[in-house]
$ cat my_file.txt   # compact mmCIF, C-alpha atoms
# COMPACT_ATOMS: atom_id res chain seq x y z
CA MET A 9 136.26 59.55 67.51
CA SER A 10 138.92 59.01 70.10
CA ARG A 11 141.08 61.38 72.06
CA SER A 12 144.12 60.66 69.85
CA ASP A 13 142.20 61.88 66.77
CA VAL A 14 141.84 65.38 68.21
CA LEU A 15 144.58 65.80 70.79
CA VAL A 16 148.36 65.32 70.86
CA ASP A 17 150.70 65.61 73.80
CA ALA A 18 153.91 67.60 74.07
CA ASP A 19 156.10 64.52 73.47
CA TRP A 20 154.30 63.86 70.19
CA VAL A 21 154.84 67.46 69.07
CA GLN A 22 158.50 67.31 70.12
CA SER A 23 159.10 64.30 67.87
CA HIS A 24 156.99 65.49 64.89
CA LEU A 25 157.68 69.21 64.72
CA GLY A 26 159.93 68.77 61.69
CA ASP A 27 157.64 66.45 59.73
CA SER A 28 156.44 67.57 56.34
CA GLY A 29 152.67 67.55 56.33
CA VAL A 30 152.53 68.68 59.97
CA VAL A 31 151.97 72.40 60.56
CA LEU A 32 152.19 73.86 64.06
CA VAL A 33 150.13 77.00 64.58
CA GLU A 34 150.27 79.23 67.67
CA VAL A 35 147.01 81.16 68.10
CA ASP A 36 146.63 84.01 70.54
CA GLU A 37 144.92 87.29 71.16
CA ASP A 38 148.16 88.74 72.53
CA THR A 39 150.72 87.52 69.99
CA SER A 40 153.69 89.15 71.73
CA ALA A 41 154.26 85.76 73.38
CA TYR A 42 154.91 84.20 69.95
CA ASP A 43 157.36 86.95 69.09
CA LYS A 44 159.33 86.30 72.29
CA GLY A 45 159.47 82.57 71.71
CA HIS A 46 157.44 79.75 70.20
CA ILE A 47 157.70 76.07 69.39
CA LYS A 48 160.14 75.48 66.54
CA ASN A 49 158.51 75.69 63.07
CA ALA A 50 155.24 77.08 64.44
CA VAL A 51 153.52 79.82 62.43
CA LYS A 52 151.52 82.60 64.08
CA VAL A 53 147.82 83.34 63.85
CA ASP A 54 146.53 86.48 65.54
CA TRP A 55 143.05 85.77 66.89
CA LYS A 56 141.98 89.39 66.47
CA LYS A 57 143.72 90.51 63.28
CA ASP A 58 143.59 87.26 61.36
CA LEU A 59 140.38 85.62 62.51
CA GLN A 60 137.97 88.51 63.21
CA ASP A 61 136.21 90.70 60.66
CA PRO A 62 137.74 94.19 61.04
CA VAL A 63 134.38 95.99 60.82
CA ARG A 64 131.41 93.79 61.71
CA ARG A 65 131.25 91.65 64.83
CA ASP A 66 131.81 88.34 63.12
CA PHE A 67 134.74 86.21 62.12
CA VAL A 68 136.46 85.97 58.76
CA ASP A 69 134.35 84.61 55.93
CA ARG A 70 135.23 81.60 53.81
CA ALA A 71 137.32 83.62 51.35
CA GLY A 72 139.16 85.27 54.23
CA PHE A 73 139.89 81.90 55.84
CA GLU A 74 141.17 80.55 52.50
CA LYS A 75 143.43 83.57 52.08
CA LEU A 76 144.80 83.26 55.62
CA LEU A 77 145.63 79.56 55.35
CA SER A 78 147.08 79.97 51.85
CA GLU A 79 149.37 82.75 53.07
CA ARG A 80 150.48 80.66 56.06
CA GLY A 81 151.39 77.80 53.76
CA ILE A 82 148.76 75.41 55.10
CA GLY A 83 147.40 72.85 52.64
CA ASN A 84 144.08 71.04 52.74
CA ASP A 85 145.83 67.74 53.48
CA ASP A 86 148.14 69.01 56.21
CA THR A 87 147.85 67.87 59.81
CA VAL A 88 147.37 71.12 61.71
CA ILE A 89 148.43 71.23 65.37
CA LEU A 90 147.03 74.23 67.22
CA TYR A 91 148.27 75.57 70.52
CA GLY A 92 148.29 78.87 72.40
CA GLY A 93 148.21 80.70 75.69
CA ASN A 94 145.25 81.18 78.03
CA ASN A 95 144.98 77.40 78.43
CA ASN A 96 144.36 76.99 74.70
CA TRP A 97 141.19 79.15 74.63
CA PHE A 98 142.08 80.85 71.38
CA ALA A 99 143.59 77.67 69.95
CA ALA A 100 140.30 75.89 70.74
CA TYR A 101 138.43 78.75 69.09
CA ALA A 102 140.66 78.38 66.02
CA TYR A 103 140.09 74.60 66.11
CA TRP A 104 136.36 75.28 66.01
CA TYR A 105 136.94 77.56 62.94
CA PHE A 106 138.98 74.89 61.19
CA LYS A 107 136.07 72.50 61.75
CA LEU A 108 133.50 75.14 60.70
CA TYR A 109 135.35 75.54 57.42
CA GLY A 110 135.81 71.80 56.94
CA HIS A 111 139.50 71.13 57.63
CA HIS A 112 139.81 67.40 58.08
CA ASP A 113 142.95 66.87 60.13
CA VAL A 114 143.32 69.32 63.00
CA LYS A 115 144.35 68.64 66.60
CA LEU A 116 145.11 70.54 69.78
CA LEU A 117 148.36 70.32 71.70
CA ASP A 118 147.17 69.21 75.16
CA GLY A 119 148.01 71.94 77.68
CA GLY A 120 149.05 74.40 74.98
CA ARG A 121 151.80 76.90 75.50
CA LYS A 122 151.58 76.69 79.27
CA LYS A 123 152.35 72.99 79.47
CA TRP A 124 155.22 73.44 77.00
CA GLU A 125 156.66 76.27 79.12
CA LEU A 126 156.17 74.52 82.46
CA ASP A 127 157.98 71.49 80.99
CA SER A 128 160.91 73.85 80.17
CA ARG A 129 160.86 72.69 76.55
CA ASP A 130 162.79 74.58 73.86
CA MET A 131 161.35 77.69 72.26
CA VAL A 132 162.78 79.69 69.38
CA THR A 133 162.28 83.17 67.93
CA GLU A 134 163.01 82.15 64.33
CA VAL A 135 159.92 82.49 62.12
CA PRO A 136 159.64 79.58 59.66
CA HIS A 137 159.24 80.16 55.95
CA ARG A 138 156.47 78.16 54.32
CA GLU A 139 155.59 78.31 50.63
CA PRO A 140 152.08 79.69 50.03
CA THR A 141 149.37 77.22 49.13
CA THR A 142 145.97 77.42 47.46
CA TYR A 143 143.65 76.47 50.31
CA HIS A 144 140.02 75.54 49.65
CA ALA A 145 137.56 75.91 52.53
CA GLN A 146 134.06 74.45 52.74
CA GLU A 147 130.86 76.36 53.49
CA GLN A 148 130.43 76.99 57.22
CA ASP A 149 129.13 73.98 59.13
CA ARG A 150 126.26 75.68 60.94
CA SER A 151 125.60 72.58 63.02
CA ILE A 152 128.35 73.62 65.44
CA ARG A 153 127.56 77.36 65.66
CA ALA A 154 124.68 78.93 67.64
CA PHE A 155 123.26 82.43 67.22
CA ARG A 156 121.30 84.59 69.68
CA ASP A 157 117.89 83.28 68.61
CA ASP A 158 119.16 79.72 69.14
CA ALA A 159 120.25 80.68 72.65
CA VAL A 160 116.86 82.20 73.50
CA ALA A 161 115.03 79.20 72.04
CA ALA A 162 117.18 76.85 74.11
CA ILE A 163 115.97 78.27 77.44
CA GLY A 164 114.25 75.45 79.29
CA ASN A 165 114.58 73.14 76.27
CA LEU A 166 118.22 72.33 75.60
CA ASN A 167 121.35 72.11 77.71
CA LEU A 168 122.81 75.58 78.10
CA VAL A 169 126.32 75.54 79.53
CA ASP A 170 127.73 78.78 80.83
CA VAL A 171 131.48 78.20 81.10
CA ARG A 172 132.43 81.49 82.76
CA SER A 173 133.62 81.74 86.34
CA PRO A 174 130.99 81.46 89.11
CA ASP A 175 131.27 85.20 89.80
CA GLU A 176 130.56 86.09 86.17
CA PHE A 177 127.70 83.59 86.10
CA ALA A 178 126.12 85.08 89.22
CA GLY A 179 126.43 88.61 87.87
CA ARG A 180 129.01 89.83 90.39
CA LEU A 181 131.72 90.23 87.71
CA LEU A 182 131.23 91.16 84.05
CA ALA A 183 134.56 89.92 82.74
CA PRO A 184 137.26 87.46 83.78
CA ALA A 185 139.14 88.74 86.81
CA HIS A 186 142.31 89.36 84.81
CA LEU A 187 140.48 92.18 83.00
CA PRO A 188 139.03 95.49 84.19
CA GLN A 189 135.32 95.13 84.84
CA GLU A 190 133.05 96.64 82.18
CA GLN A 191 129.70 98.32 82.66
CA ALA A 192 128.23 98.02 79.16
CA GLN A 193 125.99 95.01 79.52
CA ARG A 194 123.88 93.51 82.31
CA GLY A 195 125.32 90.87 84.56
CA GLY A 196 123.89 87.40 85.05
CA HIS A 197 123.28 84.35 82.88
CA ILE A 198 120.80 82.85 80.42
CA PRO A 199 117.94 81.29 82.44
CA THR A 200 118.26 77.51 82.95
CA ALA A 201 121.96 77.54 82.06
CA LYS A 202 124.25 75.33 84.13
CA ASN A 203 127.50 76.89 85.30
CA VAL A 204 130.43 74.62 84.49
CA PRO A 205 133.49 76.88 84.39
CA TRP A 206 135.82 75.86 81.56
CA ALA A 207 138.67 75.50 84.08
CA LYS A 208 136.95 72.51 85.70
CA SER A 209 137.71 70.51 82.55
CA ALA A 210 141.45 71.09 82.81
CA GLN A 211 144.26 70.49 85.27
CA ASP A 212 146.40 73.30 86.64
CA ASP A 213 148.93 72.74 83.83
CA GLY A 214 146.22 73.21 81.19
CA THR A 215 145.94 69.57 80.07
CA PHE A 216 142.45 68.10 79.85
CA LYS A 217 141.09 65.80 82.52
CA SER A 218 140.34 62.15 81.68
CA ASP A 219 137.19 61.24 79.76
CA ASP A 220 135.79 59.58 82.88
CA ASP A 221 136.35 62.69 84.99
CA LEU A 222 134.83 64.87 82.25
CA ARG A 223 131.72 62.70 82.01
CA LYS A 224 131.28 62.90 85.77
CA LEU A 225 131.77 66.68 85.71
CA TYR A 226 129.14 67.44 83.06
CA GLY A 227 126.80 64.56 83.75
CA ASP A 228 126.70 63.60 87.44
CA GLU A 229 127.80 66.93 88.92
CA ALA A 230 126.34 69.54 86.54
CA GLY A 231 123.31 67.48 85.56
CA LEU A 232 123.54 67.85 81.79
CA ASP A 233 121.13 65.64 79.92
CA PHE A 234 123.40 64.01 77.33
CA SER A 235 120.37 62.97 75.26
CA LYS A 236 119.65 66.63 74.49
CA ASP A 237 121.41 69.13 72.23
CA THR A 238 123.77 71.55 73.93
CA ILE A 239 124.77 75.19 73.49
CA ALA A 240 127.90 76.46 75.22
CA TYR A 241 128.63 80.13 75.79
CA CYS A 242 130.93 82.40 77.76
CA ARG A 243 131.68 86.11 77.29
CA ILE A 244 132.93 86.23 73.68
CA GLY A 245 133.01 82.59 72.64
CA GLU A 246 136.59 81.43 73.12
CA ARG A 247 136.32 79.85 76.58
CA SER A 248 133.17 78.14 75.34
CA ALA A 249 135.06 76.89 72.27
CA HIS A 250 137.28 75.12 74.83
CA THR A 251 134.18 73.49 76.36
CA TRP A 252 132.73 72.79 72.89
CA PHE A 253 135.98 70.90 72.22
CA VAL A 254 135.54 68.88 75.42
CA LEU A 255 131.89 67.96 74.80
CA HIS A 256 131.94 67.48 71.03
CA GLU A 257 135.46 66.30 70.29
CA LEU A 258 136.64 64.53 73.45
CA LEU A 259 133.34 63.14 74.74
CA GLY A 260 131.83 62.71 71.28
CA GLN A 261 128.50 64.37 72.11
CA ALA A 262 126.42 65.03 69.00
CA ASN A 263 124.81 68.42 68.42
CA VAL A 264 126.93 70.69 70.54
CA ARG A 265 127.04 74.29 69.34
CA ASN A 266 129.23 77.19 70.41
CA TYR A 267 127.37 80.50 70.82
CA ASP A 268 130.16 82.90 69.87
CA GLY A 269 128.04 86.01 70.48
CA SER A 270 127.98 84.87 74.11
CA TRP A 271 127.38 87.16 77.07
CA THR A 272 128.64 90.39 75.47
CA GLU A 273 125.79 89.95 72.97
CA TYR A 274 123.13 88.29 75.12
CA GLY A 275 123.68 90.62 78.10
CA SER A 276 123.12 93.62 75.81
CA LEU A 277 119.94 92.38 74.10
CA VAL A 278 116.73 94.28 74.85
CA GLY A 279 113.94 92.26 76.37
CA VAL A 280 115.54 88.84 76.84
CA PRO A 281 115.24 87.10 80.21
CA ILE A 282 118.24 87.10 82.56
CA GLU A 283 118.74 85.08 85.71
CA LEU A 284 120.91 86.30 88.58
CA GLY A 285 122.62 84.43 91.36
CA ASP A 286 124.74 81.39 91.85
CA GLY A 287 124.33 78.06 90.11
CA LYS A 288 121.75 75.69 91.47
CA MET B 17 135.39 102.06 82.60
CA SER B 18 137.25 103.64 85.44
CA GLY B 19 140.73 103.35 86.73
CA ALA B 20 142.14 100.97 84.19
CA GLU B 21 143.38 100.72 80.68
CA GLN B 22 140.53 100.06 78.28
CA ALA B 23 140.68 96.37 77.54
CA SER B 24 139.41 95.36 74.17
CA ALA B 25 135.73 94.56 74.34
CA ALA B 26 136.37 92.06 71.57
CA GLY B 27 139.02 90.20 73.50
CA CYS B 28 139.07 88.12 76.61
CA GLY B 29 142.64 86.94 76.90
CA ALA B 30 145.19 87.72 79.57
CA PRO B 31 148.26 89.57 78.27
CA ALA B 32 151.59 88.76 79.91
CA GLY B 33 151.73 90.52 83.25
CA GLY B 34 148.04 91.36 83.11
CA VAL B 35 146.37 94.63 82.15
CA LYS B 36 148.14 97.41 84.04
CA VAL B 37 146.19 99.86 86.19
CA LYS B 38 146.22 103.42 84.84
CA ASP B 39 144.79 106.67 86.18
CA GLY B 40 143.96 105.34 89.63
CA VAL B 41 142.07 102.33 90.82
CA GLY B 42 138.52 103.73 90.58
CA ASP B 43 135.94 101.15 91.65
CA GLN B 44 138.14 98.16 90.80
CA ALA B 45 139.42 95.70 93.42
CA VAL B 46 142.95 95.21 92.13
CA VAL B 47 145.36 92.51 93.26
CA GLN B 48 148.81 92.84 91.76
CA GLY B 49 152.44 92.12 92.44
CA HIS B 50 155.55 90.29 91.34
CA VAL B 51 156.94 86.80 91.58
CA SER B 52 160.65 86.33 92.19
CA SER B 53 163.03 83.49 92.87
CA GLY B 54 166.39 84.08 94.54
CA GLY B 55 165.94 87.82 94.08
CA SER B 56 165.35 87.58 90.29
CA PRO B 57 162.00 88.01 88.54
CA VAL B 58 160.27 84.82 87.40
CA ALA B 59 159.46 85.77 83.80
CA THR B 60 158.15 82.38 82.70
CA GLY B 61 155.25 81.20 84.80
CA TYR B 62 151.63 81.79 85.69
CA VAL B 63 149.53 83.13 88.54
CA ARG B 64 146.04 81.74 89.09
CA LEU B 65 143.38 83.53 91.12
CA LEU B 66 141.19 81.14 93.15
CA ASN B 67 138.04 82.18 95.02
CA SER B 68 137.29 81.48 98.68
CA ASP B 69 136.04 77.98 97.73
CA GLY B 70 139.35 77.23 96.06
CA GLU B 71 137.72 77.38 92.62
CA PHE B 72 139.66 78.76 89.67
CA VAL B 73 138.67 82.28 88.64
CA ALA B 74 141.41 83.66 86.41
CA GLU B 75 145.01 83.26 85.32
CA VAL B 76 147.69 85.51 83.84
CA PRO B 77 151.10 84.67 82.43
CA LEU B 78 153.85 86.52 84.31
CA GLY B 79 155.38 89.59 82.67
CA GLU B 80 159.10 90.06 81.96
CA ASP B 81 159.41 91.60 85.44
CA GLY B 82 157.52 88.72 87.04
CA GLY B 83 154.48 90.99 87.36
CA PHE B 84 150.78 90.13 87.43
CA THR B 85 147.49 92.06 87.84
CA PHE B 86 143.96 90.88 88.62
CA TYR B 87 140.66 92.79 88.80
CA ALA B 88 138.80 90.92 91.50
CA ALA B 89 135.97 91.86 93.85
CA SER B 90 136.04 92.59 97.58
CA GLY B 91 136.76 89.43 99.53
CA ASP B 92 139.27 86.68 100.21
CA TRP B 93 141.18 85.03 97.40
CA THR B 94 144.13 82.72 96.88
CA LEU B 95 146.95 83.29 94.42
CA ARG B 96 148.60 80.16 93.02
CA VAL B 97 151.97 80.48 91.30
CA LEU B 98 152.97 77.88 88.69
CA ALA B 99 156.48 77.95 87.22
CA PRO B 100 158.86 75.56 85.44
CA GLY B 101 160.60 73.04 87.64
CA GLY B 102 157.38 71.97 89.29
CA ILE B 103 157.07 75.17 91.32
CA ARG B 104 153.63 75.59 92.83
CA ALA B 105 152.97 78.01 95.69
CA ASP B 106 149.77 79.40 97.22
CA GLN B 107 149.30 82.77 98.93
CA ALA B 108 146.11 84.08 100.57
CA VAL B 109 145.09 87.66 99.80
CA SER B 110 142.17 89.99 100.62
CA ALA B 111 140.94 92.40 97.94
CA GLN B 112 138.92 95.55 98.47
CA THR B 113 137.00 97.71 96.02
CA GLY B 114 138.77 101.01 95.39
CA LYS B 115 142.09 99.63 96.55
CA ILE B 116 145.21 98.14 94.98
CA THR B 117 146.52 95.24 97.04
CA GLU B 118 150.23 94.69 96.34
CA LEU B 119 152.12 91.44 96.91
CA GLU B 120 155.72 90.41 96.41
CA LEU B 121 155.86 86.63 96.17
CA ALA B 122 159.13 84.72 96.54
CA VAL B 123 159.07 81.10 95.35
$ encode --input "my_file.txt" --output "structure tokens"
Amino acid sequence: MSRSDVLVDADWVQSHLGDSGVVLVEVDEDTSAYDKGHIKNAVKVDWKKDLQDPVRRDFVDRAGFEKLLSERGIGNDDTVILYGGNNNWFAAYAYWYFKLYGHHDVKLLDGGRKKWELDSRDMVTEVPHREPTTYHAQEQDRSIRAFRDDAVAAIGNLNLVDVRSPDEFAGRLLAPAHLPQEQAQRGGHIPTAKNVPWAKSAQDDGTFKSDDDLRKLYGDEAGLDFSKDTIAYCRIGERSAHTWFVLHELLGQANVRNYDGSWTEYGSLVGVPIELGDGK
Amino acid sequence: MSGAEQASAAGCGAPAGGVKVKDGVGDQAVVQGHVSSGGSPVATGYVRLLNSDGEFVAEVPLGEDGGFTFYAASGDWTLRVLAPGGIRADQAVSAQTGKITELELAV
């Protein structure tokens, strides 16, 4: 797999946004940004309303994913281009879903909404009309998803990558610094996890660093053993979906799983080990 | 949670302008303000919060009024503004628990 199979740049999107067979999808937790302006012909997916189960802590099941994509007019053979705010966190999370449910041709817009905005490219408020489809999803590909028992079993055995900020990793903050700090769960990190904040994989404008720089970052600097399986986690699983994308899709590492329960689950578990302090 | 609007425990994203402080600051170390250019708010752009090592910590898209809010910890931080037209400006700031630190940034 090469970078061009999973990533497109803003120029590519600019010249293909009217193509049949290409569907642009903006994914965000706060979808008010889409309503104010989005890339022409892009449809909206609300990370919370559309992708999360409304009752249980889990994401939509296969039937729910099929219903969503059918309603949005996305066909099994379409090339889906995902982008969003927050440096593509939620778009990367959606990308991971599309792969979990077996969509073949899905890519991220490098830099997401931020790069598009900083380039002063056109945005529109018009919502496109797409005819509904009958989308067929596959069973979940469990090889890219980790659960809490997998995270505990990985301690000291597999690569654990904590992609939160150094202050969250150390236990000084419980949430990203753009959010009020919660008190519900304990602070800290899963023992033996390496702290490689997601932001180290991207430039200021949100685009990914080069493959060479990424290999140096995770290998030489963080000391990941690329011969071992890897589990990435953050607070709720979207920043780590961004890192899952880097390790699995850009660098082509086999056996990388995203632990979507992440710290809000692990830090609330009774009896599991927690390590405090800065990265070693 | 004290001193701030309840952010969704399910979510992790940064809404435009950040999560506004309500009912007092409590035990939060808030850094907030506005970004303007030529006297007008910069409504399209981003502010990044960097720690004392210059490492990225958080980012919010600017609100319609050019506003931003961070919930930091006591200590020294840097704010980095990114806006269309290649605008990039850094501003040092000190945060303190129980205090709202206000900044008006002109770029």
$ atom_distance --input "my_file.txt" --atom1 "CA of Tyr109 in chain A" --atom2 "CA of Cys28 in chain B"
23.2 Å
$ closest_atom_pairs --input "my_file.txt" --of "chain B" --to "chain A" --cutoff "6 Å" --atoms "all atoms listed in the file" --output "CSV"
residue,atom,partner,partner_atom,distance
B:Met17,CA,A:Glu190,CA,5.9
B:Pro31,CA,A:Asp38,CA,5.8
B:Val73,CA,A:Ser173,CA,5.6
B:Ala74,CA,A:Ala185,CA,5.6
B:Phe86,CA,A:His186,CA,4.4
B:Tyr87,CA,A:Ala185,CA,4.8
B:Ala88,CA,A:Ala185,CA,5.2
B:Ala99,CA,A:Leu126,CA,5.9
B:Pro100,CA,A:Leu126,CA,4.1
$ residues_near_point --input "my_file.txt" --point "(120.5, 84.1, 71.2)" --cutoff "9 Å" --atoms "only C-alpha atoms" --output "PyMOL selection string"
chain A and resi 154-162+267+269-270+273-274+277+280
$ atom_distance --input "my_file.txt" --atom1 "CA of Asn96 in chain A" --atom2 "CA of Gly81 in chain A"
22.1 Å
$ closest_residue --input "my_file.txt" --among "B:Lys115, B:Arg104, B:Lys36, B:Arg64" --to "Thr85 in chain B" --atoms "only C-alpha atoms"
B:Lys36
$ residues_around --input "my_file.txt" --residues "Ala59 in chain B" --least-positions-apart "3" --cutoff "8 Å" --atoms "all atoms listed in the file" --output "count of residues only"
5
$ residues_around --input "my_file.txt" --residues "range 65-68 of chain B" --least-positions-apart "5" --cutoff "7 Å" --atoms "only C-alpha atoms" --output "count of residues only"
8
$ residues_around --input "my_file.txt" --residues "range 222-238 of chain A" --least-positions-apart "2" --cutoff "7 Å" --atoms "all atoms listed in the file" --output "count of residues only"
14
$ atom_distance --input "my_file.txt" --atom1 "CA of Gly120 in chain A" --atom2 "CA of Gln146 in chain A"
26.8 Å
$ residues_near_point --input "my_file.txt" --point "(165.4, 89.6, 88.3)" --cutoff "12 Å" --atoms "only C-alpha atoms" --output "list in words"
His50, Val51, Ser52, Ser53, Gly54, Gly55, Ser56, Pro57, Val58, Ala59, Thr60, Gly79, Glu80, Asp81, Gly82, Gly83 and Ala122 of chain B
$ closest_residue --input "my_file.txt" --among "A:Ala50, A:Val33, A:His250, A:Val278" --to "Thr133 in chain A" --atoms "all atoms listed in the file"
A:Ala50
$ residues_around --input "my_file.txt" --residues "Glu139 in chain A" --least-positions-apart "6" --cutoff "9 Å" --atoms "only C-alpha atoms" --output "ChimeraX atom specification"
/A:78-82
